[in-house]
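Below: protein_16.pdb (PDB, C-alpha atoms)
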```
ATOM      1  CA  MET A 470     -24.374   8.512  -9.707
ATOM      2  CA  ASP A 471     -20.623   8.138 -10.102
ATOM      3  CA  GLY A 472     -19.758  11.754  -9.274
ATOM      4  CA  ASN A 473     -15.978  12.114  -9.114
ATOM      5  CA  ALA A 474     -15.483   8.562  -7.827
ATOM      6  CA  THR A 475     -14.919   7.345 -11.396
ATOM      7  CA  THR A 476     -12.053   9.096 -13.158
ATOM      8  CA  THR A 477     -10.585   9.022 -16.661
ATOM      9  CA  HIS A 478      -7.146  10.448 -17.380
ATOM     10  CA  ARG A 479      -6.409  11.936 -20.788
ATOM     11  CA  ASN A 480      -2.709  12.761 -20.756
ATOM     12  CA  VAL A 481      -1.037  11.115 -17.772
ATOM     13  CA  ALA A 482       1.756   8.532 -17.694
ATOM     14  CA  LEU A 483       3.609   6.648 -14.988
ATOM     15  CA  LEU A 484       7.268   7.346 -15.738
ATOM     16  CA  SER A 485       8.961   5.343 -12.980
ATOM     17  CA  VAL A 486       8.454   3.496  -9.729
ATOM     18  CA  ALA A 487      11.277   2.808  -7.271
ATOM     19  CA  THR A 488      11.735   1.346  -3.800
ATOM     20  CA  THR A 489      13.981   1.417  -0.775
ATOM     21  CA  MET A 490      13.956  -1.907   1.019
ATOM     22  CA  ALA A 491      14.430  -2.148   4.777
ATOM     23  CA  THR A 492      17.551  -4.173   5.536
ATOM     24  CA  ARG A 493      16.619  -6.076   8.704
ATOM     25  CA  ILE A 494      14.570  -9.262   8.283
ATOM     26  CA  THR A 495      12.203 -10.294  11.081
ATOM     27  CA  THR A 496      10.887 -13.820  10.613
ATOM     28  CA  SER A 497       7.561 -15.081  11.881
ATOM     29  CA  GLU A 498       9.489 -17.802  13.711
ATOM     30  CA  GLU A 499      11.318 -15.070  15.640
ATOM     31  CA  ILE A 500       8.008 -13.449  16.602
ATOM     32  CA  ASP A 501       6.720 -16.865  17.694
ATOM     33  CA  ARG A 502       9.745 -17.228  19.985
ATOM     34  CA  ARG A 503       9.125 -13.807  21.511
ATOM     35  CA  LEU A 504       5.456 -14.699  22.032
ATOM     36  CA  ALA A 505       6.105 -18.256  23.257
ATOM     37  CA  PRO A 506       4.954 -17.695  26.881
ATOM     38  CA  ALA A 507       1.726 -16.027  25.728
ATOM     39  CA  LEU A 508       1.012 -18.713  23.109
ATOM     40  CA  LYS A 509       1.541 -21.422  25.724
ATOM     41  CA  ARG A 510      -0.697 -19.691  28.277
ATOM     42  CA  LEU A 511      -3.469 -19.140  25.695
ATOM     43  CA  LYS A 512      -3.038 -22.654  24.285
ATOM     44  CA  LEU A 513      -2.424 -21.299  20.804
ATOM     45  CA  PRO A 514      -0.122 -23.074  18.325
ATOM     46  CA  THR A 515       3.000 -21.569  16.841
ATOM     47  CA  GLY A 516       3.083 -20.865  13.105
ATOM     48  CA  LEU A 517      -0.220 -18.962  12.936
ATOM     49  CA  LEU A 518       1.353 -16.097  10.992
ATOM     50  CA  GLN A 519       2.654 -18.513   8.383
ATOM     51  CA  ARG A 520      -0.378 -20.811   8.146
ATOM     52  CA  VAL A 521      -3.212 -18.290   8.551
ATOM     53  CA  ALA A 522      -1.748 -15.122   7.010
ATOM     54  CA  GLY A 523       0.934 -16.652   4.789
ATOM     55  CA  VAL A 524       3.491 -14.174   6.161
ATOM     56  CA  HIS A 525       6.887 -15.793   6.747
ATOM     57  CA  GLU A 526       8.996 -12.641   6.991
ATOM     58  CA  ARG A 527       8.700  -8.887   7.129
ATOM     59  CA  ARG A 528      11.308  -6.139   6.894
ATOM     60  CA  ASN A 529      12.323  -3.651   9.561
ATOM     61  CA  TRP A 530      14.683  -0.725   9.254
ATOM     62  CA  GLY A 531      18.279  -1.386  10.199
ATOM     63  CA  GLU A 532      20.610   0.823  12.208
ATOM     64  CA  GLY A 533      20.815   4.292  10.718
ATOM     65  CA  GLN A 534      17.744   3.820   8.507
ATOM     66  CA  THR A 535      14.573   5.877   8.962
ATOM     67  CA  PHE A 536      11.323   5.756   7.045
ATOM     68  CA  ASP A 537      11.571   9.339   5.802
ATOM     69  CA  ASP A 538      15.214   9.029   4.725
ATOM     70  CA  ALA A 539      14.224   5.825   2.914
ATOM     71  CA  ALA A 540      11.356   7.645   1.203
ATOM     72  CA  ILE A 541      13.740  10.377   0.075
ATOM     73  CA  GLU A 542      16.109   7.736  -1.306
ATOM     74  CA  ALA A 543      13.238   6.085  -3.205
ATOM     75  CA  GLY A 544      12.192   9.477  -4.569
ATOM     76  CA  LYS A 545      15.700  10.216  -5.831
ATOM     77  CA  LYS A 546      15.808   6.823  -7.540
ATOM     78  CA  ALA A 547      12.420   7.390  -9.173
ATOM     79  CA  LEU A 548      13.417  10.840 -10.461
ATOM     80  CA  ALA A 549      16.678   9.475 -11.863
ATOM     81  CA  GLU A 550      14.918   6.562 -13.576
ATOM     82  CA  ALA A 551      12.350   8.939 -15.080
ATOM     83  CA  GLY A 552      15.031  11.373 -16.203
ATOM     84  CA  ILE A 553      13.286  14.248 -14.431
ATOM     85  CA  ARG A 554      15.154  16.991 -12.558
ATOM     86  CA  PRO A 555      13.899  18.076  -9.127
ATOM     87  CA  ASP A 556      13.267  21.606 -10.432
ATOM     88  CA  GLN A 557      10.744  20.221 -12.951
ATOM     89  CA  VAL A 558       8.490  18.770 -10.227
ATOM     90  CA  GLY A 559       5.320  20.726  -9.505
ATOM     91  CA  LEU A 560       3.783  18.512  -6.825
ATOM     92  CA  LEU A 561       4.884  16.138  -4.058
ATOM     93  CA  ILE A 562       2.300  13.993  -2.294
ATOM     94  CA  ASN A 563       3.396  11.944   0.704
ATOM     95  CA  THR A 564       1.022   9.089   1.516
ATOM     96  CA  SER A 565       2.753   7.565   4.560
ATOM     97  CA  VAL A 566       0.692   6.287   7.458
ATOM     98  CA  THR A 567       3.849   6.539   9.565
ATOM     99  CA  ARG A 568       4.641   9.973  10.963
ATOM    100  CA  LYS A 569       6.944  11.206  13.727
ATOM    101  CA  HIS A 570       4.573  13.939  14.892
ATOM    102  CA  LEU A 571       1.244  15.560  14.109
ATOM    103  CA  GLU A 572       2.779  18.586  12.418
ATOM    104  CA  PRO A 573       4.406  19.667  10.223
ATOM    105  CA  SER A 574       3.588  17.235   7.441
ATOM    106  CA  VAL A 575       5.959  14.420   6.527
ATOM    107  CA  ALA A 576       5.917  15.933   3.026
ATOM    108  CA  VAL A 577       7.967  18.975   4.055
ATOM    109  CA  ARG A 578      10.892  16.814   5.181
ATOM    110  CA  ILE A 579      10.775  14.852   1.932
ATOM    111  CA  HIS A 580      10.351  17.997  -0.193
ATOM    112  CA  HIS A 581      13.521  19.393   1.353
ATOM    113  CA  GLY A 582      15.391  16.094   1.070
ATOM    114  CA  LEU A 583      14.613  15.797  -2.627
ATOM    115  CA  GLY A 584      15.702  19.377  -3.281
ATOM    116  CA  LEU A 585      12.380  20.320  -4.867
ATOM    117  CA  PRO A 586      11.741  23.972  -5.783
ATOM    118  CA  SER A 587       9.708  26.268  -3.558
ATOM    119  CA  SER A 588       7.077  26.332  -6.319
ATOM    120  CA  ALA A 589       6.386  22.595  -5.832
ATOM    121  CA  THR A 590       3.225  22.151  -3.782
ATOM    122  CA  ASN A 591       3.660  19.510  -1.087
ATOM    123  CA  PHE A 592       1.315  17.854   1.383
ATOM    124  CA  ASP A 593       0.295  14.542   2.973
ATOM    125  CA  ILE A 594      -2.652  12.386   1.966
ATOM    126  CA  ALA A 595      -3.832   9.964   4.637
ATOM    127  CA  ASN A 596      -6.214   7.219   3.579
ATOM    128  CA  ALA A 597      -4.848   4.106   5.254
ATOM    129  CA  CYS A 598      -3.434   1.635   2.716
ATOM    130  CA  LEU A 599      -4.999   3.321  -0.333
ATOM    131  CA  GLY A 600      -3.122   6.602   0.001
ATOM    132  CA  PHE A 601      -0.594   5.919  -2.763
ATOM    133  CA  VAL A 602      -3.226   5.108  -5.405
ATOM    134  CA  ASN A 603      -5.321   8.098  -4.274
ATOM    135  CA  GLY A 604      -2.240  10.294  -4.574
ATOM    136  CA  MET A 605      -1.571   9.077  -8.104
ATOM    137  CA  ALA A 606      -5.173   9.798  -9.112
ATOM    138  CA  LEU A 607      -5.168  13.308  -7.632
ATOM    139  CA  ALA A 608      -1.826  14.198  -9.198
ATOM    140  CA  GLY A 609      -3.068  12.821 -12.516
ATOM    141  CA  GLN A 610      -6.045  15.156 -12.403
ATOM    142  CA  LEU A 611      -3.756  18.160 -11.873
ATOM    143  CA  ILE A 612      -1.600  17.069 -14.812
ATOM    144  CA  ASP A 613      -4.696  16.696 -17.004
ATOM    145  CA  ALA A 614      -5.801  20.170 -15.893
ATOM    146  CA  GLY A 615      -2.491  21.625 -17.064
ATOM    147  CA  GLN A 616      -1.581  22.798 -13.572
ATOM    148  CA  ILE A 617       1.649  20.772 -13.358
ATOM    149  CA  ASP A 618       3.884  18.735 -15.654
ATOM    150  CA  TYR A 619       5.350  16.294 -13.115
ATOM    151  CA  ALA A 620       4.491  14.899  -9.696
ATOM    152  CA  VAL A 621       6.218  12.638  -7.193
ATOM    153  CA  ILE A 622       4.051  10.289  -5.122
ATOM    154  CA  ILE A 623       5.962   8.867  -2.195
ATOM    155  CA  ASP A 624       5.549   6.659   0.870
ATOM    156  CA  GLY A 625       7.678   5.415   3.759
ATOM    157  CA  GLU A 626       6.479   3.078   6.499
ATOM    158  CA  ASP A 627       8.023   1.988   9.814
ATOM    159  CA  ALA A 628       6.381  -0.962  11.577
ATOM    160  CA  ASP A 629       8.972  -1.295  14.363
ATOM    161  CA  GLU A 630       7.212   0.581  17.150
ATOM    162  CA  ILE A 631       3.793  -0.984  16.635
ATOM    163  CA  GLN A 632       5.422  -4.421  16.388
ATOM    164  CA  VAL A 633       7.340  -3.985  19.664
ATOM    165  CA  ASN A 634       4.321  -2.532  21.484
ATOM    166  CA  THR A 635       2.031  -5.312  20.267
ATOM    167  CA  ILE A 636       4.368  -8.130  21.300
ATOM    168  CA  GLU A 637       4.900  -6.540  24.725
ATOM    169  CA  ARG A 638       1.160  -6.116  25.291
ATOM    170  CA  LEU A 639       0.274  -9.644  24.140
ATOM    171  CA  GLY A 640       2.718 -11.020  26.703
ATOM    172  CA  ARG A 641       0.883  -9.433  29.631
ATOM    173  CA  GLU A 642      -1.223 -11.349  32.099
ATOM    174  CA  GLY A 643      -4.940 -10.963  31.491
ATOM    175  CA  ILE A 644      -4.711 -11.034  27.696
ATOM    176  CA  LYS A 645      -7.317 -13.440  26.347
ATOM    177  CA  ARG A 646      -7.573 -15.287  23.042
ATOM    178  CA  LYS A 647      -9.971 -12.747  21.575
ATOM    179  CA  ASP A 648      -7.547  -9.960  22.523
ATOM    180  CA  PHE A 649      -4.708 -11.834  20.839
ATOM    181  CA  MET A 650      -6.655 -12.358  17.632
ATOM    182  CA  SER A 651      -7.819  -8.722  17.515
ATOM    183  CA  GLU A 652      -4.137  -7.692  17.333
ATOM    184  CA  PHE A 653      -2.979 -10.529  15.086
ATOM    185  CA  ALA A 654      -2.878  -8.264  12.001
ATOM    186  CA  SER A 655      -0.345  -5.968  13.688
ATOM    187  CA  LEU A 656       2.180  -8.801  13.563
ATOM    188  CA  THR A 657       1.958  -8.968   9.761
ATOM    189  CA  LEU A 658       3.103  -5.364   9.264
ATOM    190  CA  GLY A 659       6.427  -4.562   7.626
ATOM    191  CA  SER A 660       8.584  -1.544   6.811
ATOM    192  CA  GLY A 661       9.508  -0.170   3.381
ATOM    193  CA  ALA A 662       9.439   2.843   1.085
ATOM    194  CA  ALA A 663       8.437   3.542  -2.512
ATOM    195  CA  ALA A 664       8.087   6.458  -4.907
ATOM    196  CA  ALA A 665       6.599   7.047  -8.338
ATOM    197  CA  VAL A 666       7.007   9.851 -10.850
ATOM    198  CA  ILE A 667       4.092  10.689 -13.124
ATOM    199  CA  GLY A 668       3.966  13.250 -15.895
ATOM    200  CA  ARG A 669       2.407  14.367 -19.166
ATOM    201  CA  ALA A 670       2.016  11.449 -21.549
ATOM    202  CA  ASP A 671       2.462  13.634 -24.631
ATOM    203  CA  LEU A 672       5.966  14.504 -23.444
ATOM    204  CA  HIS A 673       6.798  10.871 -22.622
ATOM    205  CA  PRO A 674       5.606   8.344 -25.209
ATOM    206  CA  GLU A 675       7.809   5.779 -23.441
ATOM    207  CA  GLY A 676       5.710   6.136 -20.287
ATOM    208  CA  HIS A 677       2.919   3.878 -19.072
ATOM    209  CA  ARG A 678      -0.476   5.516 -19.591
ATOM    210  CA  MET A 679      -2.651   5.943 -16.508
ATOM    211  CA  LEU A 680      -6.137   5.445 -17.914
ATOM    212  CA  GLY A 681      -8.266   5.996 -14.817
ATOM    213  CA  GLY A 682     -10.280   4.015 -12.343
ATOM    214  CA  ILE A 683     -12.859   3.909  -9.607
ATOM    215  CA  THR A 684     -13.133   4.476  -5.871
ATOM    216  CA  ARG A 685     -15.933   3.455  -3.552
ATOM    217  CA  ALA A 686     -16.552   3.882   0.182
ATOM    218  CA  ALA A 687     -18.300   1.849   2.864
ATOM    219  CA  THR A 688     -17.572   4.070   5.829
ATOM    220  CA  GLN A 689     -20.176   2.393   8.025
ATOM    221  CA  PHE A 690     -17.261   0.014   8.724
ATOM    222  CA  ASN A 691     -14.991   2.773  10.046
ATOM    223  CA  ASP A 692     -14.370   1.039  13.381
ATOM    224  CA  LEU A 693     -13.382  -2.451  12.158
ATOM    225  CA  CYS A 694      -9.649  -1.707  11.899
ATOM    226  CA  VAL A 695      -8.267   1.056  14.090
ATOM    227  CA  GLY A 696      -4.530   1.586  14.450
ATOM    228  CA  SER A 697      -1.883   3.775  16.049
ATOM    229  CA  VAL A 698       1.719   3.285  17.118
ATOM    230  CA  ASP A 699       0.373   1.514  20.202
ATOM    231  CA  GLY A 700      -1.308  -1.201  18.155
ATOM    232  CA  MET A 701      -3.780  -2.090  15.438
ATOM    233  CA  PHE A 702      -7.059  -3.599  16.591
ATOM    234  CA  THR A 703      -9.089  -5.472  14.016
ATOM    235  CA  ASP A 704     -12.360  -7.369  13.777
ATOM    236  CA  ALA A 705     -10.869  -9.607  11.090
ATOM    237  CA  LYS A 706     -14.019 -11.550  10.215
ATOM    238  CA  ALA A 707     -16.250  -8.485   9.840
ATOM    239  CA  LEU A 708     -13.476  -6.572   8.064
ATOM    240  CA  LEU A 709     -13.038  -9.299   5.462
ATOM    241  CA  LYS A 710     -16.796  -9.598   4.904
ATOM    242  CA  GLY A 711     -17.304  -5.837   4.563
ATOM    243  CA  GLY A 712     -14.247  -5.479   2.362
ATOM    244  CA  MET A 713     -15.336  -8.183  -0.045
ATOM    245  CA  GLU A 714     -18.844  -6.720  -0.305
ATOM    246  CA  LEU A 715     -17.300  -3.339  -1.163
ATOM    247  CA  VAL A 716     -14.921  -4.822  -3.756
ATOM    248  CA  VAL A 717     -17.727  -6.731  -5.482
ATOM    249  CA  SER A 718     -19.953  -3.640  -5.511
ATOM    250  CA  ALA A 719     -17.179  -1.464  -6.980
ATOM    251  CA  TRP A 720     -16.244  -4.167  -9.502
ATOM    252  CA  LYS A 721     -19.836  -4.350 -10.750
ATOM    253  CA  ASP A 722     -20.127  -0.548 -10.949
ATOM    254  CA  ALA A 723     -16.867  -0.354 -12.889
ATOM    255  CA  LYS A 724     -18.213  -2.631 -15.628
ATOM    256  CA  ARG A 725     -20.273   0.281 -16.968
ATOM    257  CA  GLN A 726     -17.043   1.945 -18.118
ATOM    258  CA  TRP A 727     -14.165  -0.482 -17.643
ATOM    259  CA  SER A 728     -13.365  -4.065 -18.634
ATOM    260  CA  TRP A 729     -11.016  -5.527 -16.039
ATOM    261  CA  SER A 730     -11.793  -9.252 -16.197
ATOM    262  CA  HIS A 731      -8.752 -10.132 -18.303
ATOM    263  CA  MET A 732      -5.909  -7.921 -17.135
ATOM    264  CA  ASP A 733      -2.311  -9.064 -17.524
ATOM    265  CA  ARG A 734      -1.542  -8.213 -13.887
ATOM    266  CA  TYR A 735      -3.569  -7.404 -10.806
ATOM    267  CA  ILE A 736      -1.292  -5.489  -8.424
ATOM    268  CA  MET A 737      -3.093  -5.772  -5.092
ATOM    269  CA  HIS A 738      -2.530  -4.209  -1.730
ATOM    270  CA  GLN A 739      -0.682  -6.938   0.143
ATOM    271  CA  VAL A 740      -2.323  -8.082   3.373
ATOM    272  CA  SER A 741      -2.379 -11.868   3.663
ATOM    273  CA  SER A 742      -3.165 -15.081   1.826
ATOM    274  CA  VAL A 743      -6.718 -15.008   3.216
ATOM    275  CA  HIS A 744      -7.328 -11.474   1.914
ATOM    276  CA  THR A 745      -5.741 -12.146  -1.494
ATOM    277  CA  ASN A 746      -7.604 -15.408  -2.035
ATOM    278  CA  ALA A 747     -10.893 -13.779  -1.051
ATOM    279  CA  ILE A 748     -10.498 -10.994  -3.648
ATOM    280  CA  VAL A 749      -9.421 -13.464  -6.330
ATOM    281  CA  LYS A 750     -12.534 -15.538  -5.653
ATOM    282  CA  ALA A 751     -14.924 -12.565  -5.291
ATOM    283  CA  ALA A 752     -13.849 -10.956  -8.590
ATOM    284  CA  ASN A 753     -13.214 -14.288 -10.364
ATOM    285  CA  LEU A 754      -9.604 -13.354 -11.183
ATOM    286  CA  ASP A 755      -6.841 -15.512 -12.635
ATOM    287  CA  ALA A 756      -4.642 -16.117  -9.581
ATOM    288  CA  THR A 757      -1.568 -16.627 -11.785
ATOM    289  CA  ARG A 758      -1.793 -12.941 -12.716
ATOM    290  CA  VAL A 759      -1.733 -11.779  -9.088
ATOM    291  CA  PRO A 760       1.887 -11.378  -7.892
ATOM    292  CA  VAL A 761       2.319 -11.488  -4.126
ATOM    293  CA  THR A 762       4.935  -9.900  -1.894
ATOM    294  CA  PHE A 763       3.315 -10.382   1.532
ATOM    295  CA  PRO A 764       5.042 -13.749   2.261
ATOM    296  CA  LEU A 765       8.447 -12.034   2.547
ATOM    297  CA  LEU A 766       7.528  -8.374   3.125
ATOM    298  CA  GLY A 767       4.277  -8.522   5.086
ATOM    299  CA  ASN A 768       1.785  -5.684   4.869
ATOM    300  CA  VAL A 769       3.763  -2.497   4.098
ATOM    301  CA  GLY A 770       0.683  -0.285   4.171
ATOM    302  CA  PRO A 771       0.331   2.212   1.290
ATOM    303  CA  ALA A 772       3.829   1.278   0.071
ATOM    304  CA  SER A 773       2.791  -2.301  -0.701
ATOM    305  CA  ILE A 774       1.149  -1.575  -4.086
ATOM    306  CA  PRO A 775       4.087   0.418  -5.526
ATOM    307  CA  ILE A 776       6.613  -2.044  -4.049
ATOM    308  CA  THR A 777       4.772  -4.965  -5.678
ATOM    309  CA  LEU A 778       4.505  -3.048  -8.962
ATOM    310  CA  ALA A 779       8.224  -2.219  -8.877
ATOM    311  CA  GLN A 780       9.132  -5.862  -8.307
ATOM    312  CA  GLU A 781       6.870  -6.977 -11.157
ATOM    313  CA  ALA A 782       7.860  -4.215 -13.617
ATOM    314  CA  SER A 783      10.734  -6.137 -15.232
ATOM    315  CA  LYS A 784       8.305  -8.892 -16.252
ATOM    316  CA  LEU A 785       5.815  -6.524 -17.901
ATOM    317  CA  VAL A 786       5.953  -5.798 -21.626
ATOM    318  CA  ARG A 787       4.609  -2.980 -23.740
ATOM    319  CA  GLY A 788       0.861  -3.330 -24.177
ATOM    320  CA  ASN A 789       0.221  -5.206 -20.924
ATOM    321  CA  ARG A 790      -2.820  -4.061 -18.958
ATOM    322  CA  VAL A 791      -2.233  -3.587 -15.241
ATOM    323  CA  LEU A 792      -4.817  -2.960 -12.521
ATOM    324  CA  LEU A 793      -3.811  -1.468  -9.185
ATOM    325  CA  MET A 794      -6.386  -2.401  -6.564
ATOM    326  CA  GLY A 795      -6.893  -2.589  -2.840
ATOM    327  CA  VAL A 796      -9.091  -2.149   0.203
ATOM    328  CA  GLY A 797      -8.134   0.201   3.008
ATOM    329  CA  SER A 798      -9.462   0.342   6.530
ATOM    330  CA  GLY A 799     -12.319   2.731   6.818
ATOM    331  CA  LEU A 800     -13.532   1.071   4.484
ATOM    332  CA  ASN A 801     -12.520   2.330   1.043
ATOM    333  CA  THR A 802     -11.533   0.620  -2.181
ATOM    334  CA  SER A 803      -9.646   1.959  -5.199
ATOM    335  CA  MET A 804      -8.846   0.486  -8.612
ATOM    336  CA  MET A 805      -6.722   2.108 -11.309
ATOM    337  CA  GLU A 806      -5.810   0.826 -14.781
ATOM    338  CA  ILE A 807      -2.381   1.388 -16.321
ATOM    339  CA  ALA A 808      -1.579   0.580 -19.945
ATOM    340  CA  TRP A 809       1.996  -0.622 -19.782
TER     341      TRP A 809
END
```

How would this structure read if it were set down as structure tokens?
Amino acid sequence: MDGNATTTHRNVALLSVATTMATRITTSEEIDRRLAPALKRLKLPTGLLQRVAGVHERRNWGEGQTFDDAAIEAGKKALAEAGIRPDQVGLLINTSVTRKHLEPSVAVRIHHGLGLPSSATNFDIANACLGFVNGMALAGQLIDAGQIDYAVIIDGEDADEIQVNTIERLGREGIKRKDFMSEFASLTLGSGAAAAVIGRADLHPEGHRMLGGITRAATQFNDLCVGSVDGMFTDAKALLKGGMELVVSAWKDAKRQWSWSHMDRYIMHQVSSVHTNAIVKAANLDATRVPVTFPLLGNVGPASIPITLAQEASKLVRGNRVLLMGVGSGLNTSMMEIAW
């Protein structure tokens, strides 16, 4: 039974999506240079990030930039583009994996920075790289229920600390090839921020209707990708296999209610060329309709889907069908259709 894992929205529209880009570029060649002694000792070639993952660059925050300030900036841009005042917002959901401390929530800092009213509920949702899509779905349900008129979904990520810690650890004596490969995914991570404003479709005929979607879980794979600021440790082969099985299962289940075989765009969570090609093949998608940002931005966690959507938005025209989709460690998958 589908339960609440399949949702249909009646009166919800995406009004805007905006980004704040980190200013410092870290190339994969630079990481290779920093890892040169370890690569030589382990007899590993340079260029693995480019050839295996397809990641040539990623962004890191420059001097004076922080992930939460960047998220606030993205939120202000999104509100301005949507033409919505802060005092009209009834809900703020922060979906960042990055956090400075366990409590309070990251959302309270962003709520204050955006100047939202005290009546605006605010909290964090943590679901690895699917948090942003989950946040959109939850906020959409509250709009459909008549509880709120507008919501801001927001995310800011900072990959600096995990990147530095990973490179330092991989340079230690005693690190073996299998240890190196288990942390390889950490080197693909990047920093960035994004925000979206959603609201009642009947008040905004110019908006992009959020139609609904599907989520599915395969939590027996909860230990295949485990991360913290110290590092992210991944069983890449098992993770890819489990992820593709979950995507195919969800895709087949979705066919009972949705028809997603001929979308105009598939906005995927950005991980790597291996991950993207595997999903394209598993779901038999048209690869020309799958825009990619990972070559220059890396994996920006939950911010990657809205960042990719924001970069593709200028190419979309009224009537296009867009599917947001991704797999997050845990494992979970989410897919959401938007009628542009």

TODO: Give the answer as one residue: which of A:Val761, A:Val486, A:Leu504, A:Val524 has the shortest atom-to-atom distance to Ala549 (chain A), using only C-alpha atoms?
DONE: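 Closest to Ala549 (chain A), using only C-alpha atoms: A:Val486.
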
Task: Close residues, His677 (chain A) itself excluded, 9 Å, all atoms listed in the file, min 4 positions apart in chain, as a VMD selection string - done: chain A and resid 481 to 485 670 673 787 807 to 809

Could you spell out the hits of the PyMOL selection byres ((chain A and resi 626) around 9) on the shown file, as a PDB file with C-alpha atoms, in the frame of the given file?
```pdb
ATOM      1  CA  THR A 535      14.573   5.877   8.962  1.00  0.00           C
ATOM      2  CA  PHE A 536      11.323   5.756   7.045  1.00  0.00           C
ATOM      3  CA  ASP A 537      11.571   9.339   5.802  1.00  0.00           C
ATOM      4  CA  ALA A 539      14.224   5.825   2.914  1.00  0.00           C
ATOM      5  CA  ALA A 540      11.356   7.645   1.203  1.00  0.00           C
ATOM      6  CA  SER A 565       2.753   7.565   4.560  1.00  0.00           C
ATOM      7  CA  VAL A 566       0.692   6.287   7.458  1.00  0.00           C
ATOM      8  CA  THR A 567       3.849   6.539   9.565  1.00  0.00           C
ATOM      9  CA  ARG A 568       4.641   9.973  10.963  1.00  0.00           C
ATOM     10  CA  ASP A 624       5.549   6.659   0.870  1.00  0.00           C
ATOM     11  CA  GLY A 625       7.678   5.415   3.759  1.00  0.00           C
ATOM     12  CA  ASP A 627       8.023   1.988   9.814  1.00  0.00           C
ATOM     13  CA  ALA A 628       6.381  -0.962  11.577  1.00  0.00           C
ATOM     14  CA  GLY A 659       6.427  -4.562   7.626  1.00  0.00           C
ATOM     15  CA  SER A 660       8.584  -1.544   6.811  1.00  0.00           C
ATOM     16  CA  GLY A 661       9.508  -0.170   3.381  1.00  0.00           C
ATOM     17  CA  ALA A 662       9.439   2.843   1.085  1.00  0.00           C
ATOM     18  CA  VAL A 769       3.763  -2.497   4.098  1.00  0.00           C
ATOM     19  CA  GLY A 770       0.683  -0.285   4.171  1.00  0.00           C
ATOM     20  CA  PRO A 771       0.331   2.212   1.290  1.00  0.00           C
ATOM     21  CA  ALA A 772       3.829   1.278   0.071  1.00  0.00           C
TER      22      ALA A 772
END
```

TODO: Find, counting all atoms listed in the file, the residue in A:Met732, A:Ala665, A:Ala723, A:Val743 that gets nearest to Asp755 (chain A).
DONE: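 The closest residue to Asp755 (chain A) is A:Met732.
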
TODO: Do a neighbour search on Glu714 (chain A) at 10 Å with all atoms listed in the file, toss out local chain neighbours closer than 5 positions, and write the hits as a count of residues only.
DONE: 7
